[in-house]
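Undergrad: Here you go, my_file26.cif (mmCIF, C-alpha atoms):
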```cif
data_target
#
loop_
_atom_site.label_atom_id
_atom_site.label_comp_id
_atom_site.auth_asym_id
_atom_site.auth_seq_id
_atom_site.Cartn_x
_atom_site.Cartn_y
_atom_site.Cartn_z
CA MET A 1 -16.32 60.39 -14.55
CA LYS A 2 -13.88 62.05 -12.30
CA LYS A 3 -13.01 60.60 -8.95
CA SER A 4 -11.53 62.50 -6.12
CA ARG A 5 -8.63 61.02 -4.23
CA ARG A 6 -10.86 60.88 -1.17
CA SER A 7 -13.67 58.86 -2.76
CA PHE A 8 -11.17 56.48 -4.36
CA LEU A 9 -9.54 55.72 -1.02
CA LYS A 10 -12.94 55.16 0.56
CA ALA A 11 -13.95 52.64 -2.09
CA ALA A 12 -10.57 50.91 -1.92
CA SER A 13 -10.68 50.50 1.85
CA VAL A 14 -14.19 49.07 1.77
CA THR A 15 -13.09 46.58 -0.89
CA ALA A 16 -10.03 45.55 1.16
CA LEU A 17 -12.22 45.07 4.20
CA GLY A 18 -14.57 42.87 2.19
CA ILE A 19 -11.77 40.69 0.86
CA GLY A 20 -10.25 40.38 4.33
CA ALA A 21 -13.57 39.44 5.89
CA ALA A 22 -14.45 36.68 3.40
CA PRO A 23 -12.32 33.91 4.94
CA VAL A 24 -13.52 34.79 8.43
CA ILE A 25 -17.15 34.64 7.36
CA LYS A 26 -16.52 31.35 5.56
CA ALA A 27 -14.86 29.83 8.63
CA VAL A 28 -17.68 30.93 10.88
CA ALA A 29 -20.30 29.66 8.46
CA SER A 30 -18.75 26.21 8.05
CA SER A 31 -17.81 25.55 11.67
CA GLY A 32 -20.24 23.35 13.47
CA SER A 33 -22.66 22.89 10.62
CA VAL A 34 -20.66 20.22 8.74
CA ALA A 35 -19.25 17.25 10.64
CA ALA A 36 -15.89 15.96 9.48
CA PRO A 37 -15.28 12.26 8.86
CA VAL A 38 -13.36 10.51 11.63
CA LYS A 39 -10.39 8.28 10.84
CA THR A 40 -9.28 5.92 13.56
CA GLN A 41 -7.44 2.72 14.25
CA LYS A 42 -9.43 -0.35 15.11
CA ALA A 43 -9.90 -0.81 18.82
CA GLU A 44 -8.28 -4.24 18.77
CA ALA A 45 -5.13 -3.02 16.93
CA LEU A 46 -1.81 -3.94 18.53
CA THR A 47 0.34 -0.89 19.12
CA ALA A 48 3.82 -0.13 20.39
CA LYS A 49 6.19 2.77 20.76
CA ARG A 50 8.86 0.91 18.82
CA TRP A 51 8.22 -2.55 17.51
CA GLY A 52 10.98 -5.09 17.87
CA MET A 53 11.49 -8.77 17.29
CA VAL A 54 13.39 -11.39 19.24
CA ILE A 55 14.31 -14.64 17.50
CA ASP A 56 15.30 -17.53 19.76
CA THR A 57 17.77 -19.50 17.69
CA ASN A 58 17.63 -22.41 20.12
CA LYS A 59 14.02 -23.02 19.19
CA LEU A 60 14.52 -22.78 15.46
CA THR A 61 14.66 -26.07 13.62
CA ASP A 62 14.79 -26.46 9.85
CA GLU A 63 11.17 -27.45 9.84
CA VAL A 64 9.98 -24.48 11.90
CA ALA A 65 12.07 -22.10 9.82
CA GLU A 66 10.56 -23.48 6.63
CA ASN A 67 7.04 -23.11 8.00
CA ILE A 68 7.74 -19.52 8.96
CA VAL A 69 9.08 -18.59 5.54
CA HIS A 70 6.16 -20.31 3.87
CA ALA A 71 3.54 -18.68 6.11
CA CYS A 72 4.99 -15.20 5.59
CA HIS A 73 5.24 -15.55 1.83
CA LYS A 74 1.77 -16.98 1.59
CA VAL A 75 -0.05 -14.21 3.48
CA HIS A 76 1.79 -11.53 1.54
CA ASN A 77 1.48 -13.07 -1.92
CA VAL A 78 5.23 -13.24 -2.38
CA PRO A 79 5.93 -14.89 -5.73
CA ASP A 80 7.90 -18.11 -6.02
CA PHE A 81 9.71 -18.36 -9.33
CA ASP A 82 9.91 -22.12 -9.02
CA HIS A 83 6.17 -22.20 -9.41
CA GLU A 84 5.00 -22.98 -12.93
CA PRO A 85 2.43 -20.34 -13.91
CA ASP A 86 -1.02 -21.41 -14.97
CA ALA A 87 -0.87 -21.28 -18.78
CA GLU A 88 -4.61 -20.80 -19.12
CA LYS A 89 -4.92 -17.89 -16.73
CA TYR A 90 -1.65 -16.24 -17.68
CA PRO A 91 -0.92 -16.93 -21.33
CA ASN A 92 2.23 -15.42 -22.85
CA THR A 93 4.18 -15.60 -19.60
CA ARG A 94 7.86 -15.47 -20.42
CA PRO A 95 9.97 -18.41 -19.29
CA VAL A 96 11.23 -18.14 -15.73
CA ASN A 97 14.68 -16.96 -14.86
CA LYS A 98 15.43 -19.08 -11.82
CA THR A 99 18.07 -16.69 -10.55
CA GLN A 100 15.36 -14.20 -9.68
CA GLU A 101 14.17 -14.24 -6.14
CA ILE A 102 11.78 -12.28 -4.00
CA LYS A 103 11.90 -12.82 -0.28
CA TRP A 104 10.60 -11.21 2.87
CA ILE A 105 12.10 -13.64 5.36
CA TRP A 106 14.55 -16.42 4.61
CA GLU A 107 17.05 -18.89 6.02
CA GLU A 108 20.69 -17.93 6.12
CA HIS A 109 23.92 -19.48 7.41
CA PHE A 110 25.61 -17.94 10.40
CA ASP A 111 28.56 -16.60 8.44
CA HIS A 112 26.27 -14.86 5.99
CA ALA A 113 23.91 -13.50 8.62
CA PHE A 114 26.69 -12.36 10.94
CA PRO A 115 29.80 -11.98 8.76
CA ASP A 116 31.55 -9.90 11.42
CA LYS A 117 31.01 -12.51 14.10
CA THR A 118 32.04 -15.61 12.21
CA ASP A 119 35.17 -17.38 13.31
CA GLU A 120 37.45 -20.24 12.41
CA PHE A 121 36.64 -21.88 15.73
CA LEU A 122 32.96 -20.99 15.89
CA ALA A 123 30.89 -23.30 18.06
CA GLU A 124 29.81 -26.23 15.97
CA LYS A 125 26.09 -25.79 16.55
CA PHE A 126 26.02 -22.38 14.90
CA ARG A 127 27.38 -23.82 11.67
CA HIS A 128 24.22 -25.85 11.16
CA LEU A 129 21.49 -23.77 12.74
CA PRO A 130 19.11 -22.08 10.33
CA PHE A 131 19.17 -18.34 10.98
CA LEU A 132 16.07 -16.52 9.88
CA VAL A 133 16.80 -13.08 8.51
CA THR A 134 14.41 -10.38 7.43
CA CYS A 135 14.07 -6.62 7.40
CA ASN A 136 15.56 -5.33 10.64
CA HIS A 137 13.25 -2.32 10.88
CA CYS A 138 16.32 -0.29 11.83
CA LYS A 139 16.05 2.70 14.09
CA ASN A 140 18.27 4.64 11.69
CA ALA A 141 17.08 3.00 8.54
CA PRO A 142 19.38 3.81 5.59
CA CYS A 143 16.73 2.75 3.08
CA VAL A 144 14.42 5.49 4.37
CA GLN A 145 17.13 8.07 3.85
CA ALA A 146 17.88 6.76 0.37
CA CYS A 147 14.32 6.70 -0.93
CA PRO A 148 13.80 9.74 -3.18
CA THR A 149 10.00 9.55 -3.15
CA GLN A 150 9.43 8.64 0.51
CA ALA A 151 7.85 5.41 -0.64
CA THR A 152 9.86 3.79 2.13
CA PHE A 153 9.34 5.52 5.41
CA LYS A 154 9.40 4.93 9.12
CA ARG A 155 6.13 4.80 10.94
CA GLU A 156 5.79 6.37 14.36
CA ASP A 157 5.80 2.91 15.90
CA GLY A 158 9.19 2.08 14.41
CA ILE A 159 8.06 -0.10 11.54
CA VAL A 160 9.90 0.62 8.33
CA ILE A 161 7.22 0.22 5.73
CA MET A 162 6.67 0.82 2.05
CA ASP A 163 3.97 2.61 0.17
CA PHE A 164 4.03 0.47 -2.95
CA HIS A 165 1.93 3.04 -4.80
CA ARG A 166 4.73 5.48 -4.52
CA CYS A 167 7.72 3.29 -5.38
CA ILE A 168 9.31 4.26 -8.68
CA GLY A 169 11.64 1.27 -8.74
CA CYS A 170 14.91 3.18 -8.55
CA ARG A 171 16.35 0.59 -6.13
CA PHE A 172 18.39 3.12 -4.14
CA CYS A 173 16.95 1.47 -1.04
CA MET A 174 18.31 -1.89 -2.12
CA ALA A 175 21.75 -0.38 -2.49
CA ALA A 176 21.42 1.33 0.88
CA CYS A 177 20.22 -1.69 2.87
CA PRO A 178 23.20 -3.52 4.36
CA PHE A 179 21.13 -6.63 5.02
CA GLY A 180 19.84 -7.44 1.54
CA SER A 181 16.34 -7.34 2.92
CA ARG A 182 14.77 -5.93 -0.20
CA SER A 183 13.76 -7.55 -3.46
CA PHE A 184 12.88 -6.01 -6.78
CA ASN A 185 10.07 -7.11 -9.06
CA PHE A 186 11.75 -7.43 -12.42
CA ARG A 187 8.53 -8.83 -13.85
CA ASP A 188 4.86 -9.08 -13.01
CA PRO A 189 4.84 -11.35 -9.97
CA ARG A 190 1.22 -12.42 -10.10
CA PRO A 191 1.56 -15.50 -12.33
CA PHE A 192 4.07 -16.86 -9.83
CA VAL A 193 1.87 -16.56 -6.79
CA GLU A 194 0.64 -20.06 -6.30
CA GLU A 195 -2.48 -19.18 -4.39
CA VAL A 196 -3.43 -15.54 -4.05
CA THR A 197 -4.42 -14.47 -0.54
CA PRO A 198 -7.22 -11.93 -0.91
CA ASP A 199 -6.31 -10.08 2.30
CA PHE A 200 -3.17 -8.53 0.82
CA PRO A 201 -2.47 -7.08 -2.61
CA THR A 202 0.16 -8.49 -4.92
CA ARG A 203 2.84 -6.21 -6.27
CA THR A 204 3.44 -4.97 -9.76
CA LYS A 205 6.42 -4.95 -12.06
CA GLY A 206 8.95 -2.31 -11.12
CA VAL A 207 8.48 -1.98 -7.37
CA VAL A 208 10.67 -3.04 -4.50
CA GLU A 209 9.23 -5.05 -1.62
CA LYS A 210 10.20 -6.28 1.81
CA CYS A 211 8.88 -7.37 5.21
CA ASN A 212 6.26 -4.97 6.57
CA PHE A 213 6.18 -6.41 10.09
CA CYS A 214 2.68 -7.62 9.22
CA ALA A 215 1.32 -4.11 9.71
CA GLU A 216 -1.98 -5.23 8.20
CA ARG A 217 -2.27 -8.00 10.79
CA LEU A 218 -1.23 -5.84 13.75
CA ALA A 219 -3.99 -3.45 12.71
CA LYS A 220 -6.50 -6.26 13.14
CA GLY A 221 -5.09 -7.28 16.51
CA GLN A 222 -3.31 -10.33 15.15
CA GLN A 223 0.28 -11.34 15.75
CA PRO A 224 2.59 -11.31 12.71
CA ALA A 225 2.32 -14.44 10.57
CA CYS A 226 5.85 -15.58 11.41
CA VAL A 227 5.18 -15.37 15.13
CA GLU A 228 2.02 -17.41 14.80
CA VAL A 229 3.71 -20.43 13.24
CA SER A 230 7.08 -20.09 14.99
CA GLU A 231 6.22 -22.34 17.96
CA GLY A 232 7.64 -19.77 20.34
CA ALA A 233 10.84 -19.04 18.42
CA ILE A 234 9.83 -15.52 17.42
CA THR A 235 8.43 -12.88 19.76
CA VAL A 236 7.46 -9.36 18.84
CA GLY A 237 6.71 -6.50 21.19
CA ASP A 238 7.48 -3.00 22.32
CA LEU A 239 11.20 -2.33 22.73
CA GLU A 240 10.50 0.89 24.61
CA ASP A 241 8.28 -0.75 27.18
CA PRO A 242 10.39 -2.31 29.98
CA ALA A 243 7.52 -4.63 30.92
CA SER A 244 7.08 -6.08 27.45
CA LYS A 245 7.81 -9.69 26.58
CA VAL A 246 10.64 -8.78 24.23
CA ARG A 247 12.36 -6.67 26.86
CA GLU A 248 12.00 -9.53 29.30
CA LEU A 249 13.68 -11.89 26.83
CA LEU A 250 16.42 -9.34 26.13
CA ALA A 251 17.05 -8.92 29.86
CA GLU A 252 17.35 -12.65 30.45
CA ASN A 253 19.32 -13.77 27.42
CA TYR A 254 22.48 -12.91 25.54
CA THR A 255 21.42 -11.50 22.20
CA ILE A 256 23.15 -10.25 19.10
CA ARG A 257 22.05 -8.13 16.20
CA ARG A 258 23.19 -8.14 12.59
CA LYS A 259 25.99 -5.77 11.56
CA GLN A 260 25.60 -3.65 14.64
CA GLU A 261 28.80 -1.75 13.88
CA LEU A 262 27.09 0.03 10.99
CA GLY A 263 24.98 2.00 13.43
CA THR A 264 21.62 1.35 11.80
CA GLU A 265 20.31 0.02 15.14
CA PRO A 266 18.40 -3.07 13.99
CA SER A 267 15.25 -3.96 15.91
CA VAL A 268 15.62 -7.70 15.35
CA TYR A 269 17.53 -9.53 18.08
CA TYR A 270 18.85 -13.07 18.07
CA ILE A 271 19.08 -15.10 21.28
CA MET A 272 22.24 -17.18 21.04
CA MET B 1 -13.86 34.15 -60.32
CA SER B 2 -12.32 32.75 -57.20
CA LYS B 3 -15.74 32.80 -55.47
CA ASN B 4 -16.63 29.29 -56.57
CA ALA B 5 -13.30 27.87 -55.53
CA ILE B 6 -13.61 29.49 -52.12
CA MET B 7 -17.12 28.20 -51.63
CA ALA B 8 -16.11 24.68 -52.66
CA GLY B 9 -13.15 24.78 -50.32
CA LEU B 10 -15.34 26.04 -47.50
CA VAL B 11 -17.86 23.26 -48.04
CA VAL B 12 -15.09 20.66 -47.95
CA PHE B 13 -13.63 22.24 -44.81
CA VAL B 14 -16.95 22.33 -42.97
CA ALA B 15 -17.68 18.74 -44.02
CA MET B 16 -14.27 17.62 -42.72
CA ALA B 17 -14.61 19.58 -39.51
CA LEU B 18 -18.00 18.08 -38.76
CA LEU B 19 -17.06 14.58 -39.83
CA PRO B 20 -16.49 13.26 -36.27
CA PHE B 21 -19.95 14.42 -35.26
CA TRP B 22 -21.62 12.83 -38.25
CA TYR B 23 -19.59 9.71 -37.77
CA ASN B 24 -20.90 9.34 -34.26
CA ILE B 25 -24.56 10.07 -34.98
CA GLY B 26 -26.56 7.00 -34.13
CA GLY B 27 -23.39 5.03 -33.48
CA SER B 28 -22.65 6.28 -30.01
CA SER B 29 -24.47 4.84 -27.04
CA ALA B 30 -25.64 6.53 -23.89
CA ALA B 31 -23.30 6.55 -20.92
CA PRO B 32 -23.55 3.22 -19.11
CA GLU B 33 -25.12 3.01 -15.68
CA PRO B 34 -22.98 1.12 -13.19
CA GLU B 35 -24.91 -1.84 -11.91
CA LEU B 36 -25.32 -2.00 -8.15
CA SER B 37 -24.95 -5.35 -6.47
CA ALA B 38 -27.77 -6.56 -4.26
CA LYS B 39 -25.65 -5.83 -1.23
CA ALA B 40 -24.92 -2.27 -2.30
CA LYS B 41 -28.58 -1.69 -3.03
CA ALA B 42 -29.56 -2.96 0.38
CA ALA B 43 -26.97 -0.77 2.11
CA LYS B 44 -28.48 2.34 0.48
CA LYS B 45 -25.75 4.68 1.74
CA CYS B 46 -22.21 4.76 0.42
CA VAL B 47 -19.32 6.66 1.98
CA LEU B 48 -20.42 9.96 0.50
CA ASP B 49 -23.68 10.67 -1.23
CA LYS B 50 -24.19 9.36 -4.74
CA PHE B 51 -23.16 12.40 -6.75
CA ASP B 52 -20.18 13.11 -4.55
CA MET B 53 -19.03 9.51 -4.96
CA ARG B 54 -19.49 9.71 -8.70
CA ALA B 55 -17.35 12.80 -8.98
CA ASN B 56 -14.84 12.30 -6.21
CA HIS B 57 -14.31 8.58 -5.54
CA MET B 58 -10.75 8.77 -6.81
CA THR B 59 -9.87 11.55 -4.40
CA LEU B 60 -11.46 9.60 -1.58
CA LEU B 61 -9.47 6.50 -2.47
CA ASP B 62 -6.31 8.56 -2.54
CA GLU B 63 -7.09 9.99 0.88
CA TRP B 64 -7.84 6.51 2.23
CA ARG B 65 -4.60 5.11 0.93
CA ASP B 66 -2.56 7.83 2.62
CA SER B 67 -4.46 7.38 5.83
CA VAL B 68 -3.94 3.60 5.92
CA VAL B 69 -0.35 3.46 4.77
CA ARG B 70 1.03 6.63 6.36
CA ASP B 71 -1.02 7.09 9.52
CA SER B 72 -2.14 3.46 10.02
CA ASP B 73 -5.70 4.63 10.55
CA ARG B 74 -7.90 2.05 8.87
CA MET B 75 -11.42 2.88 10.03
CA TYR B 76 -13.43 5.69 8.48
CA GLU B 77 -16.52 7.03 10.08
CA SER B 78 -18.34 8.92 7.40
CA THR B 79 -20.33 12.09 7.92
CA ASN B 80 -23.47 10.05 7.23
CA GLY B 81 -22.74 7.99 10.33
CA LYS B 82 -21.65 4.80 8.60
CA SER B 83 -18.35 3.11 9.34
CA PHE B 84 -16.06 1.67 6.71
CA GLN B 85 -12.79 -0.13 6.56
CA MET B 86 -10.54 1.97 4.36
CA SER B 87 -9.69 -0.69 1.87
CA LEU B 88 -10.33 -1.14 -1.80
CA SER B 89 -10.50 -4.88 -1.93
CA THR B 90 -10.01 -6.60 1.41
CA GLY B 91 -12.76 -7.47 3.82
CA GLU B 92 -16.50 -7.10 4.03
CA GLU B 93 -16.48 -3.40 4.84
CA SER B 94 -14.21 -2.47 1.93
CA CYS B 95 -15.30 -1.06 -1.44
CA LEU B 96 -15.40 -4.44 -3.13
CA GLY B 97 -16.97 -6.01 -0.07
CA CYS B 98 -20.15 -4.18 -1.02
CA HIS B 99 -19.70 -3.54 -4.74
CA THR B 100 -18.96 -7.17 -5.35
CA ASP B 101 -18.83 -7.14 -9.10
CA LYS B 102 -15.96 -5.09 -10.40
CA GLU B 103 -16.85 -5.63 -14.07
CA LYS B 104 -20.38 -4.37 -13.68
CA PHE B 105 -19.52 -1.56 -11.30
CA CYS B 106 -16.05 -0.13 -11.86
CA ASP B 107 -15.19 -1.27 -15.34
CA LYS B 108 -18.43 -0.26 -16.95
CA CYS B 109 -17.80 3.47 -16.65
CA HIS B 110 -14.02 3.26 -16.76
CA THR B 111 -14.13 1.44 -20.08
CA TYR B 112 -16.67 3.88 -21.50
CA ALA B 113 -14.62 6.86 -20.40
CA SER B 114 -11.34 5.29 -21.53
CA VAL B 115 -9.98 5.53 -18.03
CA ASP B 116 -7.48 2.88 -17.18
CA PRO B 117 -6.67 3.03 -13.48
CA TYR B 118 -3.90 0.65 -12.52
CA CYS B 119 -5.44 -0.38 -9.18
CA TRP B 120 -5.89 -3.95 -10.32
CA GLU B 121 -2.30 -4.59 -11.21
CA CYS B 122 -1.80 -5.15 -7.49
CA HIS B 123 -5.19 -5.21 -5.81
CA THR B 124 -7.10 -8.39 -6.31
CA THR B 125 -10.79 -9.05 -6.67
CA PRO B 126 -12.22 -12.07 -4.90
CA LYS B 127 -13.92 -13.08 -8.13
CA GLU B 128 -10.70 -13.09 -10.06
CA ILE B 129 -9.00 -15.28 -7.47
CA ASN B 130 -11.71 -17.90 -7.63
CA GLN B 131 -11.58 -18.08 -11.39
#
```
With the file now loaded, output its structure as structure tokens.
TA:
Amino acid sequence: MKKSRRSFLKAASVTALGIGAAPVIKAVASSGSVAAPVKTQKAEALTAKRWGMVIDTNKLTDEVAENIVHACHKVHNVPDFDHEPDAEKYPNTRPVNKTQEIKWIWEEHFDHAFPDKTDEFLAEKFRHLPFLVTCNHCKNAPCVQACPTQATFKREDGIVIMDFHRCIGCRFCMAACPFGSRSFNFRDPRPFVEEVTPDFPTRTKGVVEKCNFCAERLAKGQQPACVEVSEGAITVGDLEDPASKVRELLAENYTIRRKQELGTEPSVYYIM
Amino acid sequence: MSKNAIMAGLVVFVAMALLPFWYNIGGSSAAPEPELSAKAKAAKKCVLDKFDMRANHMTLLDEWRDSVVRDSDRMYESTNGKSFQMSLSTGEESCLGCHTDKEKFCDKCHTYASVDPYCWECHTTPKEINQ
């Protein structure tokens, strides 16, 4: 069969038109007829432009601090390597290396929490106060920049959070964090969780973990676990909202932040 | 007279090639049916319709995870009008809140199909906790 140039061009242009029209027809056909699923936050969720935390060191006693650490670690299934695993449920668990530690919030001495502010003649009371330290949810978080898989990222509301599914355990974030806020799971943590809280998953071997600002509780309209048991020592709120409780506290009191000179802009403030 | 040798070789080859099929005749069982809990039966509707769930639940879970962790959106209103909490294992409106028995629901097919998802290394089942 012989084709003239003219008939070939005709056929080709009709074909091109057909291919070009297909997506348009598809879009028209699908619009309106199929409803898309809707993803939303819960109505009662607590929100902020940038979450921040103010810790009133005057209200922190050893007992309160201990309660806070315990409450946080309990709701997030943080393992305690001092806990003897249940031999029946977890047979073949290797003996514990007591030097391992996983912590989301913990007590620290002043000179360790604020090494740049310590002094030979430091006021006596600061030498004995328990300082609670945790992830600072920095504005310029170095861990976020270090993470090669974006497992650690910054949410729009300022919370530096981890997607544990995505963590490959490279620990760059641990090297990048100047506050030591991150812990690595060198072994399966589950046998060392005394009582598993069903509202939060445990972690697996080979992932890093840290404070998540109780994102799962904020989503349900609850205050973070540490705030709830702190007897007024810890307040969280919106740092960008001048009318918020944290801004009120910051306006009224002298506060310091950890290692401010590094420029990571921590969102955790300490009332002195 | 290589005909006989060739035929013999061919017979051996065919027998070997078909061995797995013969081996499995009678021995293999039908694909297991996941057992629905009373609650799931009563609910009637899942997030997507049955066949879509069967084929695409893993994609849905993946989408849910990204939505919860990345965008902090935790509620999912499905196209069938039902609302769910986007969670595998926490709360009444989560997957396990309805499909209460993981062994009879998830594991049944996963074991049969030799699929070993690592969800449960971190996510907990209420049943397991109470053990």
Undergrad: Just say which residues the PyMOL selection byres ((chain A) within 8 of (chain B)) picks in this file, as a list in words.
TA: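 Here the PyMOL selection byres ((chain A) within 8 of (chain B)) matches Ala35, Ala36, Pro37, Val38, Lys39, Thr40, Gln41, Lys42, Arg155, Met162, Asp163, Val196, Pro198, Asp199, Phe200, Pro201, Thr202, Arg203, Thr204 and Ala219 of chain A.
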Undergrad: Write a file of the just-selected residues containing C-alpha atoms, as a short mmCIF file (atom, residue, chain, number, x, y, z; two decimals), in the frame of the given file.
TA:
```cif
data_model
loop_
_atom_site.label_atom_id
_atom_site.label_comp_id
_atom_site.auth_asym_id
_atom_site.auth_seq_id
_atom_site.Cartn_x
_atom_site.Cartn_y
_atom_site.Cartn_z
CA ALA A 35 -19.25 17.25 10.64
CA ALA A 36 -15.89 15.96 9.48
CA PRO A 37 -15.28 12.26 8.86
CA VAL A 38 -13.36 10.51 11.63
CA LYS A 39 -10.39 8.28 10.84
CA THR A 40 -9.28 5.92 13.56
CA GLN A 41 -7.44 2.72 14.25
CA LYS A 42 -9.43 -0.35 15.11
CA ARG A 155 6.13 4.80 10.94
CA MET A 162 6.67 0.82 2.05
CA ASP A 163 3.97 2.61 0.17
CA VAL A 196 -3.43 -15.54 -4.05
CA PRO A 198 -7.22 -11.93 -0.91
CA ASP A 199 -6.31 -10.08 2.30
CA PHE A 200 -3.17 -8.53 0.82
CA PRO A 201 -2.47 -7.08 -2.61
CA THR A 202 0.16 -8.49 -4.92
CA ARG A 203 2.84 -6.21 -6.27
CA THR A 204 3.44 -4.97 -9.76
CA ALA A 219 -3.99 -3.45 12.71
#
```
Undergrad: Check what the PyMOL selection byres ((chain A and resi 54-63) around 8) selects in the file above and give those residues as JSON, numbers by chain.
TA: {"A": [52, 53, 64, 65, 66, 67, 129, 130, 131, 230, 231, 232, 233, 234, 235, 236, 246, 249, 250, 268, 269, 270, 271, 272]}
Undergrad: Go through A:Lys245, A:Thr264, A:Asp119, A:Pro224 one by one, measure the shortest atom-to-atom distance of each to Ala176 of chain A using all atoms listed in the file, and give the residue with the smallest value.
TA: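 Between A:Lys245, A:Thr264, A:Asp119, A:Pro224, the residue approaching Ala176 of chain A most closely is A:Thr264.
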Undergrad: Box time for segment 22-37 of chain B: axis-aligned, enclosing all its listed atoms, 4 Å extra on each side; report centre and edge lengths in Å to one decimal, as lines of an AutoDock Vina configuration file.
TA:
```
center_x = -23.1
center_y = 3.7
center_z = -22.4
size_x = 15.0
size_y = 26.2
size_z = 39.8
```
Undergrad: With only C-alpha atoms as the atoms that count, which of B:Ala113, B:Cys95, B:Ala30, B:Ile25 lies nearest to Leu60 of chain B?
TA: B:Cys95
Undergrad: Rounded to one decimal place, report the atom CA of Phe186 of chain A-atom CA of His112 of chain A distance in Å.
TA: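 Separation between atom CA of Phe186 of chain A and atom CA of His112 of chain A: 24.6 Å.
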Undergrad: How many Å lie between atom CA of Val133 of chain A and atom CA of Glu156 of chain A, rounded to one decimal?
TA: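 According to the coordinates, atom CA of Val133 of chain A and atom CA of Glu156 of chain A are separated by 23.1 Å.
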Undergrad: What's the separation between atom CA of Pro79 of chain A and atom CA of Val207 of chain A, in Å to one decimal place?
TA: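 Going from atom CA of Pro79 of chain A over to atom CA of Val207 of chain A covers 13.3 Å.
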Undergrad: Considering all atoms listed in the file, can you say which of A:Cys214, A:Val229, A:Ala123, A:Ala71 comes closest to Ala45 of chain A?
TA: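 Smallest separation from Ala45 of chain A among the options: A:Cys214.
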